[in-house]
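J.: For reference, the file run06.csv (CSV, C-alpha atoms) is included below:
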```
chain,number,residue,atom,x,y,z
B,43,MET,CA,97.6,62.3,111.7
B,44,SER,CA,100.1,60.2,113.6
B,45,ALA,CA,100.4,56.5,113.1
B,46,PRO,CA,98.6,54.2,115.5
B,47,LEU,CA,100.9,52.6,118.0
B,48,SER,CA,100.7,48.9,118.6
B,49,ALA,CA,103.1,46.1,119.5
B,50,ASP,CA,101.8,43.9,116.7
B,51,LEU,CA,102.0,46.6,114.1
B,52,ALA,CA,105.1,47.1,111.9
B,53,GLN,CA,105.4,50.7,110.7
B,54,ILE,CA,107.1,52.3,107.8
B,55,GLY,CA,107.5,56.0,108.6
B,56,LYS,CA,106.9,58.8,106.1
B,57,SER,CA,110.6,59.4,105.4
B,58,VAL,CA,111.3,55.8,104.6
B,59,VAL,CA,111.6,54.5,101.0
B,60,ILE,CA,111.6,50.8,100.2
B,61,LYS,CA,112.0,49.1,96.9
B,62,GLY,CA,111.5,45.4,96.6
B,63,GLU,CA,109.3,42.5,97.9
B,64,LEU,CA,107.7,43.1,101.4
B,65,SER,CA,106.2,40.1,103.2
B,66,GLY,CA,105.3,39.5,106.8
B,67,SER,CA,103.1,37.9,109.4
B,68,GLU,CA,102.0,40.9,111.2
B,69,ASP,CA,99.9,44.0,110.4
B,70,LEU,CA,101.8,46.7,108.5
B,71,TYR,CA,101.3,50.5,108.5
B,72,VAL,CA,102.9,52.3,105.6
B,73,ASP,CA,103.2,56.1,105.7
B,74,GLY,CA,106.3,56.2,103.5
B,75,GLN,CA,107.1,55.0,100.0
B,76,VAL,CA,107.0,51.4,98.9
B,77,GLU,CA,107.6,50.2,95.4
B,78,GLY,CA,107.4,46.5,94.5
B,79,SER,CA,105.1,44.0,96.1
B,80,ILE,CA,103.5,43.6,99.5
B,81,ALA,CA,102.3,40.2,100.8
B,82,LEU,CA,100.7,39.9,104.2
B,83,LYS,CA,98.6,36.8,103.8
B,84,ASN,CA,96.6,36.8,107.1
B,85,HIS,CA,97.3,40.3,108.2
B,86,SER,CA,96.3,43.9,107.4
B,87,LEU,CA,97.9,46.7,105.5
B,88,THR,CA,97.2,50.3,106.2
B,89,VAL,CA,98.5,52.9,103.8
B,90,GLY,CA,98.6,56.1,105.9
B,91,PRO,CA,97.8,59.6,104.6
B,92,ASN,CA,101.4,60.2,103.6
B,93,GLY,CA,101.8,56.7,102.2
B,94,GLN,CA,102.7,56.2,98.5
B,95,VAL,CA,102.6,52.6,97.5
B,96,LYS,CA,103.4,51.4,94.0
B,97,ALA,CA,103.0,47.7,94.4
B,98,SER,CA,100.8,44.7,94.0
B,99,VAL,CA,99.2,44.1,97.4
B,100,GLU,CA,97.9,40.9,98.9
B,101,ALA,CA,96.6,41.0,102.5
B,102,LYS,CA,93.6,40.0,104.6
B,103,GLY,CA,92.4,43.6,105.0
B,104,ILE,CA,93.6,46.8,103.3
B,105,VAL,CA,92.9,50.3,104.5
B,106,VAL,CA,94.0,53.2,102.2
B,107,GLN,CA,94.2,56.8,103.3
B,108,GLY,CA,97.1,57.8,100.9
B,109,LYS,CA,98.1,56.8,97.4
B,110,LEU,CA,98.1,53.2,96.1
B,111,GLU,CA,99.0,52.2,92.6
B,112,GLY,CA,98.8,48.5,91.8
B,113,ASN,CA,96.4,45.6,91.9
B,114,VAL,CA,94.9,44.9,95.3
B,115,GLN,CA,93.8,41.5,96.5
B,116,ALA,CA,92.2,41.3,99.9
B,117,SER,CA,90.9,38.0,101.4
B,118,ASP,CA,88.5,39.9,103.7
B,119,ARG,CA,87.9,43.6,103.1
B,120,VAL,CA,89.2,46.8,101.5
B,121,GLU,CA,88.4,50.3,102.9
B,122,LEU,CA,89.1,53.4,100.9
B,123,ARG,CA,89.1,56.4,103.1
B,124,LYS,CA,88.1,59.9,101.8
B,125,SER,CA,91.7,60.9,101.0
B,126,ALA,CA,92.5,57.6,99.2
B,127,VAL,CA,93.7,57.7,95.6
B,128,VAL,CA,93.8,54.2,94.2
B,129,THR,CA,94.8,53.2,90.7
B,130,GLY,CA,94.5,49.5,90.1
B,131,ASP,CA,92.1,46.6,90.2
B,132,ILE,CA,90.6,45.5,93.5
B,133,SER,CA,89.6,42.0,94.3
B,134,THR,CA,88.0,41.5,97.7
B,135,GLN,CA,85.0,40.0,99.5
B,136,ARG,CA,83.9,43.4,101.0
B,137,ILE,CA,84.6,47.0,100.1
B,138,SER,CA,83.8,50.3,101.7
B,139,ILE,CA,84.4,53.6,100.0
B,140,GLU,CA,84.2,57.0,101.7
B,141,GLU,CA,82.9,59.9,99.8
B,142,GLY,CA,85.8,61.8,98.2
B,143,ALA,CA,87.9,58.6,97.6
B,144,TYR,CA,89.3,58.2,94.1
B,145,LEU,CA,89.4,54.9,92.3
B,146,LYS,CA,90.6,54.1,88.8
B,147,GLY,CA,90.2,50.5,88.2
B,148,LYS,CA,88.0,47.4,88.4
B,149,VAL,CA,86.2,46.2,91.5
B,150,ASP,CA,85.6,42.5,91.7
B,151,ILE,CA,83.7,41.2,94.7
B,152,GLN,CA,84.7,37.6,95.3
B,153,GLY,CA,82.5,35.3,97.3
B,154,LYS,CA,84.0,32.7,99.5
B,155,ALA,CA,82.9,30.0,97.0
B,156,ASP,CA,84.7,31.9,94.2
B,157,LYS,CA,87.9,32.0,96.2
B,158,ALA,CA,87.8,28.3,97.1
B,159,SER,CA,87.3,27.4,93.4
B,160,GLY,CA,90.0,29.9,92.4
B,161,LYS,CA,87.7,31.8,90.1
M,166,MET,CA,101.8,94.2,96.4
M,167,ALA,CA,98.0,94.0,97.0
M,168,SER,CA,97.4,93.2,93.4
M,169,VAL,CA,100.0,90.4,93.5
M,170,THR,CA,98.3,89.0,96.6
M,171,LEU,CA,94.9,89.3,94.9
M,172,ASN,CA,96.1,87.5,91.8
M,173,PHE,CA,97.8,84.8,93.9
M,174,MET,CA,94.6,84.2,95.8
M,175,LYS,CA,92.6,84.2,92.5
M,176,LEU,CA,94.8,81.3,91.4
M,177,PHE,CA,93.5,79.2,94.2
M,178,ARG,CA,89.9,80.5,94.1
M,179,GLY,CA,89.4,80.5,90.4
M,180,SER,CA,88.3,83.4,88.3
M,181,SER,CA,84.7,82.5,88.1
M,182,GLY,CA,83.6,84.6,91.0
M,183,SER,CA,83.6,84.4,94.7
M,184,PRO,CA,81.5,81.7,96.5
M,185,ALA,CA,79.0,84.4,97.6
M,186,GLN,CA,78.1,85.0,93.9
M,187,THR,CA,77.4,81.3,93.3
M,188,PRO,CA,73.7,80.6,93.0
M,189,GLN,CA,72.2,78.4,95.7
M,190,VAL,CA,71.7,75.0,94.2
M,191,PRO,CA,70.7,72.0,96.3
M,192,GLN,CA,73.7,69.7,96.8
M,193,LYS,CA,71.8,66.5,96.4
M,194,LEU,CA,68.8,65.8,94.2
M,195,THR,CA,67.0,62.7,93.2
M,196,ARG,CA,65.7,62.2,89.7
M,197,ARG,CA,64.1,59.5,87.6
M,198,SER,CA,66.2,58.4,84.7
M,199,SER,CA,64.5,56.9,81.6
M,200,GLY,CA,67.8,56.0,80.1
M,201,LEU,CA,68.9,54.2,83.2
M,202,GLY,CA,65.5,52.5,83.3
M,203,GLU,CA,66.0,51.3,79.7
M,204,LEU,CA,69.4,49.9,80.6
M,205,SER,CA,68.0,48.2,83.7
M,206,ARG,CA,66.7,45.2,81.8
M,207,LEU,CA,70.3,44.2,81.3
M,208,TRP,CA,71.1,44.1,85.0
M,209,ASP,CA,69.2,40.8,85.5
M,210,SER,CA,71.6,39.1,83.1
M,211,GLU,CA,73.0,35.9,84.5
M,212,THR,CA,76.2,36.4,82.6
M,213,PRO,CA,78.3,38.9,84.5
M,214,LEU,CA,78.4,42.2,82.6
M,215,CYS,CA,81.4,44.6,82.3
M,216,VAL,CA,80.2,48.1,83.2
M,217,LEU,CA,82.4,51.2,82.9
M,218,ASP,CA,81.4,54.1,85.2
M,219,LEU,CA,83.1,57.4,84.0
M,220,GLY,CA,81.7,59.5,86.8
M,221,SER,CA,83.2,60.3,90.2
M,222,THR,CA,83.9,57.2,92.3
M,223,SER,CA,80.6,56.1,93.7
M,224,ALA,CA,80.3,53.5,96.5
M,225,ALA,CA,76.6,53.3,95.6
M,226,ASN,CA,77.2,52.4,92.0
M,227,ILE,CA,79.9,49.9,92.9
M,228,ARG,CA,77.5,48.3,95.4
M,229,PHE,CA,74.7,48.3,92.9
M,230,PHE,CA,76.6,46.3,90.3
M,231,THR,CA,78.7,44.0,92.5
M,232,GLU,CA,75.6,42.9,94.3
M,233,ARG,CA,74.3,41.8,90.9
M,234,THR,CA,77.6,39.9,90.3
M,235,HIS,CA,78.6,42.3,87.5
M,236,LYS,CA,82.1,43.7,87.1
M,237,ILE,CA,82.4,47.5,87.5
M,238,TYR,CA,85.3,49.6,86.3
M,239,SER,CA,85.5,53.2,87.7
M,240,GLU,CA,87.4,55.9,86.0
M,241,ASP,CA,86.8,59.6,86.6
M,242,LEU,CA,87.7,61.3,83.3
M,243,LEU,CA,86.8,64.8,84.4
M,244,VAL,CA,89.3,64.6,87.3
M,245,ALA,CA,91.8,62.9,84.9
M,246,SER,CA,91.5,65.8,82.5
M,247,THR,CA,92.8,68.2,85.2
M,248,GLU,CA,96.3,66.6,85.1
M,249,PRO,CA,98.8,69.5,84.6
M,250,HIS,CA,101.0,67.6,82.1
M,251,LEU,CA,98.1,67.5,79.6
M,252,VAL,CA,98.2,71.3,79.1
M,253,THR,CA,99.7,72.3,75.7
M,254,LYS,CA,99.2,74.8,72.9
M,255,ASP,CA,97.7,74.2,69.5
M,256,GLU,CA,99.1,75.6,66.2
M,257,GLN,CA,97.3,78.9,66.8
M,258,GLY,CA,98.8,79.2,70.3
M,259,ALA,CA,95.6,78.5,72.1
M,260,THR,CA,95.7,76.5,75.3
M,261,ILE,CA,94.3,73.0,74.8
M,262,LEU,CA,94.7,69.6,76.4
M,263,ASP,CA,96.8,66.9,74.7
M,264,SER,CA,94.3,64.2,73.7
M,265,ARG,CA,97.1,61.7,72.8
M,266,LYS,CA,98.6,62.0,76.2
M,267,PHE,CA,95.1,61.8,77.8
M,268,LEU,CA,94.3,58.6,75.9
M,269,ALA,CA,97.7,57.1,76.7
M,270,ASP,CA,96.9,57.5,80.4
M,271,ASN,CA,93.2,56.8,80.4
M,272,LEU,CA,90.6,54.4,78.9
M,273,GLN,CA,93.3,51.7,78.4
M,274,TYR,CA,91.1,48.7,77.9
M,275,PRO,CA,91.0,45.9,75.3
M,276,ALA,CA,88.7,46.5,72.3
M,277,ALA,CA,85.1,45.4,72.7
M,278,HIS,CA,85.4,44.9,76.5
M,279,PHE,CA,82.4,46.6,78.0
M,280,ASP,CA,78.7,45.8,77.8
M,281,VAL,CA,77.7,49.2,79.2
M,282,VAL,CA,79.4,52.6,79.6
M,283,LEU,CA,77.9,55.2,82.0
M,284,CYS,CA,79.1,58.5,80.6
M,285,TRP,CA,76.7,60.6,82.7
M,286,ASN,CA,77.3,64.3,82.0
M,287,LEU,CA,80.9,63.9,80.8
M,288,PRO,CA,80.6,65.3,77.2
M,289,ASP,CA,79.1,68.6,78.5
M,290,TYR,CA,81.9,69.3,81.0
M,291,LEU,CA,84.9,67.7,79.2
M,292,ASP,CA,87.4,70.0,77.5
M,293,GLU,CA,86.6,70.5,73.8
M,294,SER,CA,89.9,69.0,72.7
M,295,LEU,CA,89.1,65.7,74.4
M,296,VAL,CA,85.5,65.1,73.5
M,297,ARG,CA,85.8,63.5,70.1
M,298,PRO,CA,88.9,61.5,70.9
M,299,VAL,CA,87.2,60.1,74.1
M,300,MET,CA,84.0,59.2,72.3
M,301,GLY,CA,86.1,57.4,69.6
M,302,ARG,CA,87.9,55.4,72.3
M,303,LEU,CA,84.6,54.6,74.0
M,304,TRP,CA,83.2,53.2,70.7
M,305,SER,CA,86.2,50.9,70.5
M,306,VAL,CA,86.0,49.6,74.0
M,307,LEU,CA,82.3,48.9,73.8
M,308,LYS,CA,81.2,45.5,72.6
M,309,PRO,CA,79.1,45.4,69.4
M,310,GLY,CA,75.5,45.8,70.8
M,311,GLY,CA,76.9,47.4,73.9
M,312,MET,CA,75.2,50.5,75.3
M,313,LEU,CA,76.3,54.0,76.4
M,314,LEU,CA,74.3,56.4,78.5
M,315,ALA,CA,75.1,60.1,78.4
M,316,PHE,CA,73.3,63.2,79.7
M,317,PHE,CA,73.2,66.5,77.8
M,318,HIS,CA,71.9,69.9,79.0
M,319,THR,CA,69.4,71.7,76.8
M,320,LYS,CA,70.0,75.3,75.5
M,321,ASP,CA,68.4,76.7,78.7
M,322,ALA,CA,71.4,75.8,80.7
M,323,GLY,CA,73.9,78.5,81.6
M,324,PRO,CA,77.6,78.2,82.1
M,325,ASP,CA,77.1,77.9,85.9
M,326,SER,CA,74.9,74.8,85.6
M,327,PRO,CA,76.2,72.7,88.4
M,328,CYS,CA,78.2,69.5,87.7
M,329,TYR,CA,77.0,66.5,89.5
M,330,ARG,CA,78.2,63.0,90.5
M,331,PHE,CA,75.6,60.3,89.9
M,332,HIS,CA,74.7,57.5,92.3
M,333,ILE,CA,72.3,54.8,91.3
M,334,VAL,CA,69.7,54.4,94.0
M,335,GLU,CA,67.2,52.1,92.2
M,336,LYS,CA,66.9,50.7,88.7
M,337,ASP,CA,65.7,54.0,87.3
M,338,ILE,CA,66.4,56.4,90.2
M,339,LEU,CA,69.6,58.5,90.5
M,340,GLU,CA,70.8,60.6,93.3
M,341,MET,CA,72.7,63.6,92.0
M,342,GLN,CA,75.3,65.1,94.2
M,343,ARG,CA,76.8,68.5,93.3
M,344,ILE,CA,80.6,68.5,92.8
M,345,MET,CA,81.8,71.6,94.7
M,346,MET,CA,85.6,71.8,94.2
M,347,ARG,CA,88.1,70.5,91.7
M,348,ARG,CA,91.8,70.8,90.7
M,349,GLU,CA,92.7,72.9,87.7
M,350,ALA,CA,96.0,73.1,85.8
M,351,ARG,CA,97.1,76.5,84.6
M,352,ARG,CA,100.2,77.6,82.9
M,353,GLY,CA,101.7,80.7,84.5
M,354,PRO,CA,103.5,83.6,82.8
M,355,THR,CA,106.9,81.8,83.1
M,356,GLY,CA,105.5,78.7,81.4
M,357,ALA,CA,105.4,76.7,84.6
M,358,ILE,CA,102.3,74.7,85.3
M,359,HIS,CA,100.4,75.3,88.5
M,360,THR,CA,97.7,73.3,90.1
M,361,ALA,CA,94.9,75.2,91.7
M,362,VAL,CA,91.8,74.3,93.6
M,363,VAL,CA,88.8,76.1,92.1
M,364,ASP,CA,85.1,75.9,91.9
M,365,SER,CA,83.4,72.9,90.3
M,366,PHE,CA,83.7,71.9,86.7
M,367,ARG,CA,82.1,74.4,84.3
M,368,LEU,CA,79.7,73.6,81.5
M,369,GLN,CA,81.8,73.8,78.3
M,370,ARG,CA,79.1,73.9,75.7
M,371,VAL,CA,75.5,72.9,75.0
M,372,PHE,CA,75.1,70.3,72.2
M,373,ASN,CA,72.0,70.5,70.0
M,374,ASN,CA,70.5,67.3,68.8
M,375,ARG,CA,72.4,67.4,65.5
M,376,HIS,CA,75.7,67.8,67.4
M,377,ILE,CA,74.8,64.8,69.5
M,378,GLU,CA,74.0,62.7,66.5
M,379,THR,CA,77.3,63.7,64.9
M,380,LEU,CA,79.2,62.9,68.1
M,381,PHE,CA,77.8,59.4,68.0
M,382,ARG,CA,77.7,58.9,64.3
M,383,ASP,CA,79.8,55.7,64.4
M,384,PHE,CA,77.2,54.1,66.7
M,385,ALA,CA,74.4,51.9,65.3
M,386,SER,CA,71.5,53.6,67.0
M,387,ILE,CA,70.7,56.6,69.2
M,388,LYS,CA,67.6,57.2,71.4
M,389,PHE,CA,66.7,60.5,73.1
M,390,PHE,CA,64.8,60.9,76.3
M,391,LEU,CA,63.8,64.5,77.3
M,392,ALA,CA,63.5,64.9,81.1
M,393,ARG,CA,61.6,67.5,83.0
M,394,ASP,CA,64.8,69.1,84.3
M,395,ASN,CA,65.9,70.2,80.8
M,396,VAL,CA,68.4,67.3,80.5
M,397,ARG,CA,68.4,65.1,77.5
M,398,GLU,CA,69.3,61.6,78.2
M,399,VAL,CA,70.9,59.8,75.3
M,400,LEU,CA,71.2,56.0,75.0
M,401,VAL,CA,73.4,54.8,72.1
M,402,VAL,CA,74.1,51.3,70.9
M,403,ARG,CA,77.3,50.3,69.2
```
If you convert what's in this file into structure tokens, what do you get?
T.:
Amino acid sequence: MSAPLSADLAQIGKSVVIKGELSGSEDLYVDGQVEGSIALKNHSLTVGPNGQVKASVEAKGIVVQGKLEGNVQASDRVELRKSAVVTGDISTQRISIEEGAYLKGKVDIQGKADKASGK
Amino acid sequence: MASVTLNFMKLFRGSSGSPAQTPQVPQKLTRRSSGLGELSRLWDSETPLCVLDLGSTSAANIRFFTERTHKIYSEDLLVASTEPHLVTKDEQGATILDSRKFLADNLQYPAAHFDVVLCWNLPDYLDESLVRPVMGRLWSVLKPGGMLLAFFHTKDAGPDSPCYRFHIVEKDILEMQRIMMRREARRGPTGAIHTAVVDSFRLQRVFNNRHIETLFRDFASIKFFLARDNVREVLVVR
């Protein structure tokens, strides 16, 4: 599967390896390896089918098709596609999980009120 | 050459027979669960519960508990037990799984953390070398008074009894979905470990009631429910 092409989408290709803190103000598609942390406050992260992310992740929306190891915090929603392998705790308002996805960790659904009060 | 190819393909298909020999079993079934029904009185608790689901990742179960503001932890121990690095030999040279490594990688929770553990059919399909260590760890991560639900086949079950994943539909209704394929770690003649995709998990053993009581001997109480489909449901309280 090739990465979606969009002018507002930053992409990390499958041969790219990044270690460190990643932050940004645009949507990000990761099909390579990232180790560290990813912060995209009001934007979305997609981990592509070849993506291997070992990082704590904070974003508005998170879609996982590949491997993600680390805690995940989404202010809006998390989607685990059928090929997703996720190890870590997920905190989000909404979550969808396709059959075949693998999750090892806690799911905590936070309401808007919870987020506002910092619970 | 042909036999080499045959053996090579066998590695990927498993040695338990071709798909044509597999008996036709419905892929999805619905069943009433008395054990789950007994647990359901807990679901209305206003205090959020910590629930550990040890079956395959189930969106239905996650939805069921998060809608009720409970916290759910998902950990598929059967899949975890197929990790190639767990394969080792015991003192007699028999192939076993390393329970220390397994528990170092899995079930890493604080003591007395969970109100409920949903074991489903895990003890029947888990490798022999992991069963007791896993049950010991589950005892320690359950709160005193916490409950564990497990399903056991009766002696009528054969080795080809299908392994299911369990989705909670209602308070005492489960949808059972057959697990068709899985990964398996095997050590080759050179000592290298290979991962193969084979037929579903196989029934490892059938516990009788005394075995079940022994397995849960550290727990405070045990309650059996015999279902029509020759499955014993067991609810234990720490």
J.: Kindly provide, as a list in words, the residues of chain M having any atom no farther than 8 Å from an atom of chain B, counting only C-alpha atoms.
T.: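 Therefore, the residues near the partner are Ser221, Thr222, Ser223, Ala224, Ile227, Thr231, Thr234, Lys236, Ile237, Tyr238, Ser239, Glu240 and Asp241 of chain M.
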J.: Point out the residue among M:Val244, M:Phe316, M:Ala225, M:Thr195 with the least atom-to-atom distance to B:Val127, counting all atoms listed in the file.
T.: M:Val244
J.: For atom CA of M:Ser305 and atom CA of M:Asn286, determine how far apart the two atoms are, in Å to one decimal place.
T.: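 Taking atom CA of M:Ser305 as the start and atom CA of M:Asn286 as the end point, the length is 19.8 Å.
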J.: With a distance cut-off of 8 Å and all atoms listed in the file, select the neighbouring residues of B:Leu110, excluding the residue or stretch itself and same-chain residues fewer than 4 positions from it, and output the selection as a short mmCIF file (atom, residue, chain, number, x, y, z; two decimals) with C-alpha atoms, in the frame of the given file.
T.:
```cif
data_model
loop_
_atom_site.label_atom_id
_atom_site.label_comp_id
_atom_site.auth_asym_id
_atom_site.auth_seq_id
_atom_site.Cartn_x
_atom_site.Cartn_y
_atom_site.Cartn_z
CA VAL B 89 98.50 52.90 103.80
CA GLY B 93 101.80 56.70 102.20
CA GLN B 94 102.70 56.20 98.50
CA VAL B 95 102.60 52.60 97.50
CA LYS B 96 103.40 51.40 94.00
CA ALA B 97 103.00 47.70 94.40
CA VAL B 106 94.00 53.20 102.20
CA ALA B 126 92.50 57.60 99.20
CA VAL B 127 93.70 57.70 95.60
CA VAL B 128 93.80 54.20 94.20
CA THR B 129 94.80 53.20 90.70
CA GLY B 130 94.50 49.50 90.10
#
```
J.: Which value, in Å to one decimal, gives the distance between atom CA of M:Ser198 and atom CA of M:Ser326?
T.: 18.6 Å
J.: Could you check how far atom CA of M:Leu219 sits from atom CA of M:Leu283, in Å to one decimal?
T.: 6.0 Å
J.: Could you please give me, as a list in words, the residues of protein, DNA or RNA lying at most 10 Å from (65.0, 56.8, 73.3) in the coordinate frame of the file, considering only C-alpha atoms?
T.: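 The distance filter leaves exactly Ser199, Gly200, Glu203, Ser386, Ile387, Lys388, Phe389, Phe390, Leu391, Arg397, Glu398, Val399, Leu400 and Val401 of chain M.
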J.: Extract, using all atoms listed in the file, all DNA, RNA and protein residues at most 6 Å from B:Val120, discarding same-chain residues fewer than 2 positions from it, and format them as a PDB file with C-alpha atoms, in the coordinates of the input.
T.:
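Ended up saving to part.pdb:
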```pdb
ATOM      1  CA  GLY B 103      92.400  43.600 105.000  1.00  0.00           C
ATOM      2  CA  ILE B 104      93.600  46.800 103.300  1.00  0.00           C
ATOM      3  CA  VAL B 105      92.900  50.300 104.500  1.00  0.00           C
ATOM      4  CA  ILE B 137      84.600  47.000 100.100  1.00  0.00           C
TER       5      ILE B 137
END
```
J.: Name all residues at most 10 Å from B:Ser57 (count only C-alpha atoms; drop same-chain ones fewer than 3 positions away) and give them as a PyMOL selection string.
T.: chain B and resi 54+73-75+92-93
J.: Write the residues of the selection above to a file with C-alpha atoms, as a JSON list (two decimals), in the coordinates of the input.
T.:
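Ended up saving to part_17.json:
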```json
[["chain", "number", "residue", "atom", "x", "y", "z"],
["B", 54, "ILE", "CA", 107.10, 52.30, 107.80],
["B", 73, "ASP", "CA", 103.20, 56.10, 105.70],
["B", 74, "GLY", "CA", 106.30, 56.20, 103.50],
["B", 75, "GLN", "CA", 107.10, 55.00, 100.00],
["B", 92, "ASN", "CA", 101.40, 60.20, 103.60],
["B", 93, "GLY", "CA", 101.80, 56.70, 102.20]]
```
J.: With only C-alpha atoms as the counted atoms, please give the residues lying no more than 9 Å from M:Asn373, apart from itself and same-chain residues fewer than 4 positions off, as a VMD selection string.
T.: chain M and resid 317 319 to 320 377 to 378
J.: Identify, on the basis of only C-alpha atoms, every residue whose closest approach to M:Val306 does not exceed 7 Å; exclude the query and any residue fewer than 6 positions from it along the same chain; express the result as a PyMOL selection string.
T.: chain M and resi 274-279
J.: Residues within 9 Å of (96.9, 44.1, 98.7), file coordinates, counting only C-alpha atoms: what are they? Give the list as a list in words.
T.: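 With a cut-off of 9 Å, the residues come to Ser79, Ile80, Ala81, Leu82, Ser86, Leu87, Ala97, Ser98, Val99, Glu100, Ala101, Lys102, Gly103, Ile104, Gly112, Asn113, Val114, Gln115, Ala116, Ser117, Val120, Ile132 and Ser133 of chain B.
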